[in-house]
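Heads up: the structure comes next, in structure tokens.
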Number of protein chains: 2
Amino acid sequence: MHWKKSDLLFLPVGGSEEIGMNANLYHYEDKWILIDLGISFPDETDLGIDVLLPDFKFIKSLGDKFLGIFLTHGHEDHIGAIPYFADDINCPIWGTSFTMALLKRKLKENNKEKKLELNTLTIDKQLIIGPFQIKAIQTSHSIPDPVSILISTKQGDIFHTGDWKLENSINLNEKTNIDNFRSIGENGILAMVCDSTNALVDGKTPSENFAYDGLLDTIKNCNDTVLVTCFSSNISRIKSLLDIALKTDRSVLVVGRALLRAIDAAKEVGYLKNIPELLSLKDFNLIPRSNVLIISTGSQGEPNSALSRISKDNDKFIKLIKGDTIIFSSRKIPGNENAILKVQNRFLERGINIVTDDDKNVHVSGHPSRDELIEMYSFIKPKISIPVHGTREHIEAHSDLANNCQVPLVIKPKNGEVIKLNGNAPNIVSRFDFVTHVYDAGEIIPINNERFITRRHSLWNGFVTISIVIDKDGYLVITPQISQIGVSDNSIVDNVLIDISLKIEDFIENLSCDPEILDEELISQISKLVRREFKSTFSKRPIVKVHINRV
Amino acid sequence: MHWKKSDLLFLPVGGSEEIGMNANLYHYEDKWILIDLGISFPDETDLGIDVLLPDFKFIKSLGDKFLGIFLTHGHEDHIGAIPYFADDINCPIWGTSFTMALLKRKLKENNKEKKLELNTLTIDKQLIIGPFQIKAIQTSHSIPDPVSILISTKQGDIFHTGDWKLENSINLNEKTNIDNFRSIGENGILAMVCDSTNALVDGKTPSENFAYDGLLDTIKNCNDTVLVTCFSSNISRIKSLLDIALKTDRSVLVVGRALLRAIDAAKEVGYLKNIPELLSLKDFNLIPRSNVLIISTGSQGEPNSALSRISKDNDKFIKLIKGDTIIFSSRKIPGNENAILKVQNRFLERGINIVTDDDKNVHVSGHPSRDELIEMYSFIKPKISIPVHGTREHIEAHSDLANNCQVPLVIKPKNGEVIKLNGNAPNIVSRFDFVTHVYDAGEIIPINNERFITRRHSLWNGFVTISIVIDKDGYLVITPQISQIGVSDNSIVDNVLIDISLKIEDFIENLSCDPEILDEELISQISKLVRREFKSTFSKRPIVKVHINRV
């Protein structure tokens with residue numbers, strides 16, 4: 001380890017090579033705290049994988065030196081990994097009301113709710129955790145109760161922004177206070193660790209009003225049923241839609257477990273108090289079609305979502321018809337474009353209209369565009385800028401922007417790099433080789449685990465299994481059995497298998513001069529023979545498993 | 001069949017539900033011709049599949065009634081399926097020089113070159129093929145020698161645009177002749193069947209000069225090695241790059257088999273006559289780094305491409321270093337975004353600059369944007385518009401545009417729909433249930449083939465194989481063997497397998513009262529037992545194969 005006890009360190013565990021999987025460690029006086037512990041989702045290059053998790057080994061190794069986890073807000077890429085690591089977390093977790101209401105529900109679904117010490121963070125109230133002073137600063141995002149975290153130490157203060165934008169969410173109690181940011185900056189900030197998601201987007205991210213107006217305008221002009229799909233945690237958007245439903249004389253029907261869970265959490269913390277009664281799916285047929293507004297999950301084209309089911313006209317209750325309208329009040333997460341397109345095309349083919357944010361202002365981002373980043377640098381005036389929450393491309397763009405804002409030092413982090421912030425030459429002082437992990441078969445394992453290579457190979461090639469029964473003299477007792485799965489179902493397959501079985505018979509007969517041959521050698525030779533035959537007949541290299549049964 | 005011999009029919013086999021896989025049939029007087037026979041590529045929702053092919057069954061069934069295939073240009077989505085169906089094609093194929101030079105090379109690589117009758121299409125020269133008069137009309141695209149096809153019949157004329165744009169390619173002999181389009185329109189066109197690829201893009205697609213200027217400007221300002229990646233068939237772009245290399249005092253090095261093949265084809269037909277000598281990979285180290293311009297394939301992030309290898313610093317000859325520049329002179333094909341990003345990020349991490357068409361004008365499209373579509377409608381003035389070569393979204397947008405251009409009738413086609421063009425009420429008169437096909441294990445099969453379902457299941461769940469040896473009384477002769485592949489490699493696996501083996505032993509012992517039990521029943525029961533155990537221990541549902549060996 002190339003650091004001292006008294007060093008103030010930043011160590012990104014996740015989020016500094018990707019958008020998502022945020023997990024950021026800070027060290028001082030031999031103690032550590034973590035901001036956020038999120039998941040990410042695999043793209044088409046990570047086949048056979050459900051969820052990506054940060055490398056938790058180092059955090060686990062810290063033992064008592066690990067003092068706490070602070071959550072900036074309740075999105076999956078900031079809190080989603082907590083249920084996975086719950087058994088290994090022995091420190092308290094802090095977050096604002098809505099964040100904790102969501103987290104509690106997630107933990108409960110995973111039977112982990114009793115394991116953890118959960119505390120509510122209060123805006124602007126100082127907490128002292130070991131050598132760190134922690135203050136949650138109100139900000140604005142696309143979910144209720146987001147905060148930045150101000151970490152004060154004797155070596156200097158760090159402003160960790162979390163996800164933010166400057167325009168306030170309407171409908172929510174929160175209010176971004178620019179004077180607050182200014183006064184934080186005036187007190188002197190050593191390092192700002194800041195969201196890079198929209199570092200490639202020019203201008204300023206508009207407020208929720210912009211989406212409200214676009215949605216109202218669109219829905220007002222629809223004569224039939226309208227379905228709006230959005231991210232489940234976007235409570236501000238849901239409030240906009242409830243209000244628009246009232247104005248356009250529509251009853252609201254909510255579809256999707258994640259939406260119902262988020263609405264429930266929002267009600268618990270007081271965000272959706274006096275809303276009209278939400279209808280159940282069964283009521284769909286009881287109301288005139290033109291008086292219905294459906295809010296649904298499925299905006300990313302998820303094949304198992306209600307929206308995908310409705311697009312195939314397979315839903316038990318919701319039947320959409322020509323003239324109805326689907327509004328995608330959401331962005332396309334990169335990698336989901338084709339899945340979304342397939343859902344949209346199924347609706348289009350049936351004469352159902354599709355409206356997206358390419359057509360109308362029906363969505364706004366929750367992240368700061370370049371002009372807001374520039375503003376934030378003018379408020380906070382950090383000595384060091386560390387762009388996080390981005391791929392290399394976003395971090396590079398954010399870094400160039402910070403340089404243009406005349407931040408004296410910009411450090412581009414990479415997951416696993418230990419960045420010393422104090423002293424004359426803040427710099428990367430050490431490097432961990434963190435590996436993205438995944439949850440599979442009930443355990444958390446590195447993404448490069450052998451099983452995925454095997455399974456991906458089988459995706460293209462299928463399997464062959466052979467069983468051989470031989471006696472103690474090395475003679476075959478019965479004909480070798482051979483089966484293929486997923487290689488081919490061409491009518492020639494049966495003949496090919498019989499042919500290979502005969503070849504194995506010949507091979508073993510020729511070997512019987514050597515009854516001492518080891519199973520290992522026999523398996524290797526038979527596998528080779530089988531692979532050769534499948535290669536030449538089917539141009540496939542199936543996975544081959546041979547059982548030698550000696551009787 | 002709901003049509004008459006004398007009906008003039010249009011029947012899209014592929015390309016009317018996707019961008020790509022173009023294959024369009026025309027019928028008159030009981031004879032059929034086909035325009036293009038292309039492939040498409042699977043997206044992330046078609047796992048385990050290499051290539052998508054149109055349904056060829058109906059075309060094959062036509063026998064002698066099928067008179068010929070006309071190719072509009074040499075892109076894969078217009079000619080790529082020909083090698084796959086070569087054995088079933090018994091009619092001549094026509095295409096312009098460069099198209100045929102590329103096709104010949106493809107056929108040769110697949111050992112199909114002697115099978116087919118290949119003819120060269122001459123611009124503006126009338127061909128009489130049965131009841132059809134065919135004329136190839138010069139147009140412009142992102143490959144040499146593209147043409148539109150004018151089909152004249154006694155029932156009316158059809159203008160099939162192929163892929164086109166109005167701005168001429170510089171560097172190529174061809175010249176789009178607007179007067180030509182105008183005079184075709186003045187002679188009266190019954191139906192225009194037209195490219196929808198850019199129907200969502202406003203304005204006009206710029207000429208190749210635009211990309212030339214952007215590339216020259218970018219490369220002029222680079223002090224180190226420059227690598228440009230582009231589509232291999234974009235000969236106009238390659239000529240631009242050769243010219244820019246001369247102007248910036250760089251030697252050119254070409255990487256990638258597809259590029260070398262396209263350059264070879266272009267030379268054969270006279271497009272790249274007096275070009276400077278291209279260097280070989282081995283020469284990379286002999287020239288000063290700042291005097292090298294590399295042209296490479298791999299613009300789509302293909303994991304096996306040279307560019308991907310170079311990004312990992314694994315190439316034997318080409319070593320790029322900090323300060324070098326990679327220019328992506330290409331568009332991102334939807335679905336490839338993440339693969340491209342991964343390659344780019346590897347370069348960025350090593351301090352190598354990335355320039356894309358988001359940063360600079362280093363690429364132009366080969367398809368008509370909305371203003372060009374409007375112009376083309378004003379030239380051709382068809383009675384019927386049929387938008388093709390697009391997903392539903394593109395076809396809808398193109399259709400709205402055609403309506404705004406006051407085309408009297410717009411028909412939105414779907415693969416398999418038989419569209420009658422003559423008579424008082426042109427309309428869809430019949431419908432085939434065409435299924436996208438794929439090439440797998442040496443054969444062409446429907447995309448919904450069972451093997452893909454099995455393989456995709458194994459991608460998530462792995463595979464278990466069991467072999468049992470029992471005697472004629474139904475008693476186990478030896479311990480059941482059980483293996484798992486790709487389910488898990490956790491240390492508990494061995495114990496779980498032993499445990500399951502014991503459970504199978506118990507199960508068979510309890511059964512031995514019934515020596516008559518059929519293998520089928522035994523296999524089903526054992527499979528159930530194994531599945532249950534894997535579900536409860538690993539939350540996995542592996543594919544299970546049981547061999548019963550009776551001795």
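Residue numbers start at 1 in each chain; chains themselves are named A, B, ... in the order of the structure tokens; ligands are numbered from 1 in the order shown.
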
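The protein and nucleic acid residues lying at most 8 Å from Ser330 in chain B are Thr229, Cys230, Phe231, Ser299, Thr356, Asp357, Val362, His363 and Val364 of chain B, with only C-alpha atoms considered and sequence neighbours fewer than 4 positions away removed.
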
Chain A residues within 8 Å of chain B, counting only C-alpha atoms: which ones, as a PDB file with N, CA and C atoms, in the first residue's frame?
```
ATOM      1  N   ASP A  43     -24.421  -5.708 -21.327  1.00  0.00           N
ATOM      2  CA  ASP A  43     -24.842  -5.411 -22.688  1.00  0.00           C
ATOM      3  C   ASP A  43     -24.703  -6.673 -23.533  1.00  0.00           C
ATOM      4  N   GLU A  44     -24.889  -6.519 -24.852  1.00  0.00           N
ATOM      5  CA  GLU A  44     -24.937  -7.696 -25.715  1.00  0.00           C
ATOM      6  C   GLU A  44     -23.585  -8.399 -25.815  1.00  0.00           C
ATOM      7  N   THR A  45     -22.543  -7.797 -25.221  1.00  0.00           N
ATOM      8  CA  THR A  45     -21.263  -8.491 -25.239  1.00  0.00           C
ATOM      9  C   THR A  45     -21.072  -9.356 -23.977  1.00  0.00           C
ATOM     10  N   LEU A  47     -23.103 -12.011 -22.752  1.00  0.00           N
ATOM     11  CA  LEU A  47     -24.241 -12.921 -22.889  1.00  0.00           C
ATOM     12  C   LEU A  47     -24.344 -13.892 -21.706  1.00  0.00           C
ATOM     13  N   GLY A  48     -25.575 -14.174 -21.314  1.00  0.00           N
ATOM     14  CA  GLY A  48     -25.813 -15.159 -20.257  1.00  0.00           C
ATOM     15  C   GLY A  48     -25.671 -14.596 -18.862  1.00  0.00           C
ATOM     16  N   ILE A  49     -25.655 -13.266 -18.758  1.00  0.00           N
ATOM     17  CA  ILE A  49     -25.449 -12.626 -17.454  1.00  0.00           C
ATOM     18  C   ILE A  49     -26.623 -11.693 -17.166  1.00  0.00           C
ATOM     19  N   PRO A 334     -28.594   2.728 -23.688  1.00  0.00           N
ATOM     20  CA  PRO A 334     -27.812   2.123 -24.777  1.00  0.00           C
ATOM     21  C   PRO A 334     -27.760   0.601 -24.657  1.00  0.00           C
ATOM     22  N   GLY A 335     -27.992  -0.059 -25.755  1.00  0.00           N
ATOM     23  CA  GLY A 335     -28.013  -1.526 -25.748  1.00  0.00           C
ATOM     24  C   GLY A 335     -29.441  -2.049 -25.840  1.00  0.00           C
ATOM     25  N   GLU A 337     -31.853  -0.513 -27.705  1.00  0.00           N
ATOM     26  CA  GLU A 337     -32.506   0.100 -28.858  1.00  0.00           C
ATOM     27  C   GLU A 337     -33.352  -0.899 -29.654  1.00  0.00           C
ATOM     28  N   ASN A 338     -32.768  -2.057 -29.936  1.00  0.00           N
ATOM     29  CA  ASN A 338     -33.486  -3.009 -30.779  1.00  0.00           C
ATOM     30  C   ASN A 338     -34.671  -3.648 -30.065  1.00  0.00           C
ATOM     31  N   ALA A 339     -34.503  -3.920 -28.769  1.00  0.00           N
ATOM     32  CA  ALA A 339     -35.606  -4.494 -28.006  1.00  0.00           C
ATOM     33  C   ALA A 339     -36.781  -3.507 -27.967  1.00  0.00           C
ATOM     34  N   ASN A 345     -42.557  -1.527 -32.981  1.00  0.00           N
ATOM     35  CA  ASN A 345     -43.006  -1.957 -34.308  1.00  0.00           C
ATOM     36  C   ASN A 345     -44.256  -2.829 -34.238  1.00  0.00           C
ATOM     37  N   LEU A 348     -47.023  -0.365 -33.960  1.00  0.00           N
ATOM     38  CA  LEU A 348     -47.206   0.361 -35.229  1.00  0.00           C
ATOM     39  C   LEU A 348     -47.932  -0.495 -36.256  1.00  0.00           C
ATOM     40  N   GLU A 349     -47.568  -1.785 -36.284  1.00  0.00           N
ATOM     41  CA  GLU A 349     -48.202  -2.674 -37.260  1.00  0.00           C
ATOM     42  C   GLU A 349     -49.700  -2.805 -37.032  1.00  0.00           C
ATOM     43  N   THR A 391     -18.525   6.286 -19.016  1.00  0.00           N
ATOM     44  CA  THR A 391     -17.544   5.479 -19.739  1.00  0.00           C
ATOM     45  C   THR A 391     -16.329   6.373 -19.988  1.00  0.00           C
ATOM     46  N   ARG A 392     -15.270   5.801 -20.528  1.00  0.00           N
ATOM     47  CA  ARG A 392     -14.056   6.571 -20.813  1.00  0.00           C
ATOM     48  C   ARG A 392     -14.395   7.836 -21.611  1.00  0.00           C
ATOM     49  N   GLU A 393     -15.306   7.676 -22.603  1.00  0.00           N
ATOM     50  CA  GLU A 393     -15.691   8.793 -23.467  1.00  0.00           C
ATOM     51  C   GLU A 393     -16.295   9.952 -22.656  1.00  0.00           C
ATOM     52  N   ALA A 441     -26.194 -18.565 -10.320  1.00  0.00           N
ATOM     53  CA  ALA A 441     -26.311 -19.844  -9.615  1.00  0.00           C
ATOM     54  C   ALA A 441     -26.192 -19.642  -8.108  1.00  0.00           C
ATOM     55  N   GLY A 442     -26.801 -18.567  -7.604  1.00  0.00           N
ATOM     56  CA  GLY A 442     -26.845 -18.357  -6.166  1.00  0.00           C
ATOM     57  C   GLY A 442     -25.574 -17.805  -5.560  1.00  0.00           C
ATOM     58  N   GLU A 450     -15.195 -19.174 -15.892  1.00  0.00           N
ATOM     59  CA  GLU A 450     -15.177 -20.170 -16.961  1.00  0.00           C
ATOM     60  C   GLU A 450     -16.579 -20.584 -17.440  1.00  0.00           C
ATOM     61  N   ARG A 451     -17.526 -20.672 -16.499  1.00  0.00           N
ATOM     62  CA  ARG A 451     -18.857 -21.180 -16.880  1.00  0.00           C
ATOM     63  C   ARG A 451     -19.489 -20.359 -18.001  1.00  0.00           C
ATOM     64  N   PHE A 452     -19.210 -19.049 -18.022  1.00  0.00           N
ATOM     65  CA  PHE A 452     -19.833 -18.216 -19.057  1.00  0.00           C
ATOM     66  C   PHE A 452     -19.227 -18.490 -20.427  1.00  0.00           C
ATOM     67  N   THR A 454     -18.046 -21.403 -21.343  1.00  0.00           N
ATOM     68  CA  THR A 454     -18.656 -22.675 -21.754  1.00  0.00           C
ATOM     69  C   THR A 454     -20.062 -22.462 -22.287  1.00  0.00           C
ATOM     70  N   ARG A 455     -20.856 -21.700 -21.552  1.00  0.00           N
ATOM     71  CA  ARG A 455     -22.254 -21.517 -21.961  1.00  0.00           C
ATOM     72  C   ARG A 455     -22.355 -20.748 -23.279  1.00  0.00           C
ATOM     73  N   ARG A 456     -21.477 -19.739 -23.435  1.00  0.00           N
ATOM     74  CA  ARG A 456     -21.516 -18.975 -24.697  1.00  0.00           C
ATOM     75  C   ARG A 456     -21.107 -19.861 -25.866  1.00  0.00           C
ATOM     76  N   SER A 458     -21.702 -22.986 -26.006  1.00  0.00           N
ATOM     77  CA  SER A 458     -22.853 -23.862 -26.277  1.00  0.00           C
ATOM     78  C   SER A 458     -23.963 -23.115 -27.012  1.00  0.00           C
ATOM     79  N   LEU A 459     -24.042 -21.798 -26.829  1.00  0.00           N
ATOM     80  CA  LEU A 459     -25.058 -21.008 -27.534  1.00  0.00           C
ATOM     81  C   LEU A 459     -24.903 -21.147 -29.043  1.00  0.00           C
ATOM     82  N   TRP A 460     -23.672 -21.297 -29.504  1.00  0.00           N
ATOM     83  CA  TRP A 460     -23.414 -21.412 -30.940  1.00  0.00           C
ATOM     84  C   TRP A 460     -23.294 -22.847 -31.397  1.00  0.00           C
ATOM     85  N   ASN A 461     -22.994 -23.764 -30.468  1.00  0.00           N
ATOM     86  CA  ASN A 461     -22.582 -25.096 -30.910  1.00  0.00           C
ATOM     87  C   ASN A 461     -23.378 -26.268 -30.365  1.00  0.00           C
ATOM     88  N   GLY A 462     -24.117 -26.086 -29.278  1.00  0.00           N
ATOM     89  CA  GLY A 462     -24.855 -27.201 -28.711  1.00  0.00           C
ATOM     90  C   GLY A 462     -23.968 -28.198 -27.972  1.00  0.00           C
ATOM     91  N   THR A 465     -23.462 -35.759 -25.796  1.00  0.00           N
ATOM     92  CA  THR A 465     -23.128 -36.578 -24.640  1.00  0.00           C
ATOM     93  C   THR A 465     -23.082 -38.041 -25.071  1.00  0.00           C
ATOM     94  N   SER A 467     -22.284 -42.159 -23.666  1.00  0.00           N
ATOM     95  CA  SER A 467     -21.933 -43.079 -22.577  1.00  0.00           C
ATOM     96  C   SER A 467     -21.537 -44.438 -23.132  1.00  0.00           C
ATOM     97  N   VAL A 469     -20.196 -48.392 -22.018  1.00  0.00           N
ATOM     98  CA  VAL A 469     -20.081 -49.400 -20.950  1.00  0.00           C
ATOM     99  C   VAL A 469     -19.043 -50.425 -21.393  1.00  0.00           C
ATOM    100  N   VAL A 477     -19.568 -53.546 -23.716  1.00  0.00           N
ATOM    101  CA  VAL A 477     -20.641 -54.444 -23.284  1.00  0.00           C
ATOM    102  C   VAL A 477     -21.890 -54.213 -24.140  1.00  0.00           C
ATOM    103  N   ILE A 478     -22.184 -52.965 -24.383  1.00  0.00           N
ATOM    104  CA  ILE A 478     -23.304 -52.636 -25.280  1.00  0.00           C
ATOM    105  C   ILE A 478     -22.865 -51.525 -26.240  1.00  0.00           C
ATOM    106  N   GLN A 481     -23.892 -45.183 -26.450  1.00  0.00           N
ATOM    107  CA  GLN A 481     -25.037 -44.275 -26.635  1.00  0.00           C
ATOM    108  C   GLN A 481     -24.520 -42.872 -26.915  1.00  0.00           C
ATOM    109  N   ILE A 485     -27.752 -32.314 -28.409  1.00  0.00           N
ATOM    110  CA  ILE A 485     -28.806 -31.393 -28.017  1.00  0.00           C
ATOM    111  C   ILE A 485     -28.463 -30.025 -28.565  1.00  0.00           C
ATOM    112  N   GLY A 486     -29.350 -29.533 -29.390  1.00  0.00           N
ATOM    113  CA  GLY A 486     -29.182 -28.170 -29.892  1.00  0.00           C
ATOM    114  C   GLY A 486     -28.166 -28.016 -31.009  1.00  0.00           C
ATOM    115  N   VAL A 487     -27.592 -29.102 -31.501  1.00  0.00           N
ATOM    116  CA  VAL A 487     -26.673 -28.946 -32.635  1.00  0.00           C
ATOM    117  C   VAL A 487     -27.475 -28.806 -33.924  1.00  0.00           C
ATOM    118  N   SER A 488     -28.343 -29.785 -34.161  1.00  0.00           N
ATOM    119  CA  SER A 488     -29.114 -29.778 -35.402  1.00  0.00           C
ATOM    120  C   SER A 488     -30.325 -30.680 -35.212  1.00  0.00           C
ATOM    121  N   ASP A 489     -31.397 -30.418 -35.975  1.00  0.00           N
ATOM    122  CA  ASP A 489     -32.513 -31.362 -35.982  1.00  0.00           C
ATOM    123  C   ASP A 489     -32.796 -31.804 -37.409  1.00  0.00           C
ATOM    124  N   THR A 537     -19.384 -32.625 -40.482  1.00  0.00           N
ATOM    125  CA  THR A 537     -20.759 -32.755 -40.971  1.00  0.00           C
ATOM    126  C   THR A 537     -21.577 -31.491 -40.777  1.00  0.00           C
ATOM    127  N   PHE A 538     -21.431 -30.844 -39.630  1.00  0.00           N
ATOM    128  CA  PHE A 538     -22.313 -29.714 -39.289  1.00  0.00           C
ATOM    129  C   PHE A 538     -21.575 -28.389 -39.146  1.00  0.00           C
ATOM    130  N   SER A 539     -20.250 -28.386 -39.357  1.00  0.00           N
ATOM    131  CA  SER A 539     -19.457 -27.176 -39.100  1.00  0.00           C
ATOM    132  C   SER A 539     -19.694 -26.644 -37.691  1.00  0.00           C
ATOM    133  N   LYS A 540     -19.837 -27.540 -36.731  1.00  0.00           N
ATOM    134  CA  LYS A 540     -20.091 -27.134 -35.349  1.00  0.00           C
ATOM    135  C   LYS A 540     -19.048 -27.757 -34.438  1.00  0.00           C
ATOM    136  N   LYS A 545     -19.341 -34.402 -23.748  1.00  0.00           N
ATOM    137  CA  LYS A 545     -19.118 -35.029 -22.432  1.00  0.00           C
ATOM    138  C   LYS A 545     -19.237 -36.537 -22.587  1.00  0.00           C
ATOM    139  N   HIS A 547     -19.078 -40.306 -20.673  1.00  0.00           N
ATOM    140  CA  HIS A 547     -19.057 -41.107 -19.442  1.00  0.00           C
ATOM    141  C   HIS A 547     -18.564 -42.514 -19.775  1.00  0.00           C
ATOM    142  N   ASN A 549     -18.407 -46.080 -18.283  1.00  0.00           N
ATOM    143  CA  ASN A 549     -18.941 -46.908 -17.201  1.00  0.00           C
ATOM    144  C   ASN A 549     -18.253 -48.275 -17.252  1.00  0.00           C
ATOM    145  N   ARG A 550     -17.450 -48.591 -16.249  1.00  0.00           N
ATOM    146  CA  ARG A 550     -16.750 -49.880 -16.223  1.00  0.00           C
ATOM    147  C   ARG A 550     -17.522 -50.844 -15.338  1.00  0.00           C
ATOM    148  N   VAL A 551     -17.911 -51.989 -15.920  1.00  0.00           N
ATOM    149  CA  VAL A 551     -18.719 -52.951 -15.135  1.00  0.00           C
ATOM    150  C   VAL A 551     -17.939 -54.253 -14.955  1.00  0.00           C
TER     151      VAL A 551
END
```

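Of the residues listed (B:Ile89, B:Ala136, B:Met192, B:Ile295), B:Met192 shows the shortest atom-to-atom separation from Leu421 in chain B; distances use only C-alpha atoms.
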
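Shortest atom-to-atom contact with Pro426 in chain B among B:Ala101, B:Leu281, B:Leu118, B:Leu9: B:Leu9, counting only C-alpha atoms.
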
Contact residues around Gly68 in chain A with only C-alpha atoms at 7 Å, ignoring same-chain residues under 5 positions, as a PyMOL selection string = chain A and resi 33-34+91-93

Contact residues around Arg289 in chain A with only C-alpha atoms at 10 Å, ignoring same-chain residues under 5 positions, as JSON, numbers by chain = {"A": [223, 224, 225, 226, 250, 251, 284, 320, 321, 324]}

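Put simply, CA of Pro446 in chain A is 19.2 Å away from CA of Ile19 in chain A.
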
Can you list every residue in range 249-346 of chain B that DSSP puts in strand (DSSP E), as a ChimeraX atom specification?
-> /B:251-255,292-296,325-328

Which residue of A:Pro413, A:Lys4, A:Glu372, A:Gly38 approaches Gly203 in chain A most closely, using only C-alpha atoms = A:Glu372

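All residues of protein, DNA or RNA that reach within 6 Å of Ser196 in chain B, judged by only C-alpha atoms and not counting those fewer than 6 positions away in the chain, are Pro387, Val388, His389, Gly390 and His394 of chain B.
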
Smallest atom-to-atom distance to Lys420 in chain A: which of A:Ser369, A:Glu76, A:Gly156, A:Gly474, using only C-alpha atoms?
-> A:Gly156

May I ask for the distance between CA of Asn110 in chain B and CA of Arg257 in chain B, given in Å to one decimal place?
-> 15.0 Å

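Of the residues in range 325-372 of chain A, those given alpha helix (DSSP H) by DSSP on the backbone are A:Glu337, A:Asn338, A:Ala339, A:Ile340, A:Leu341, A:Lys342, A:Val343, A:Gln344, A:Asn345, A:Arg346, A:Phe347, A:Leu348, A:Glu349, A:Arg370, A:Asp371, A:Glu372.
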
Could you tell me how far CA of Gly416 in chain B lies from CA of Pro12 in chain B, in Å and to one decimal?
-> 5.9 Å

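Counting only C-alpha atoms, the residue from A:Ala265, A:Ile219, A:Ala191, A:Ala199 that sits nearest to Leu103 in chain A is A:Ala265.
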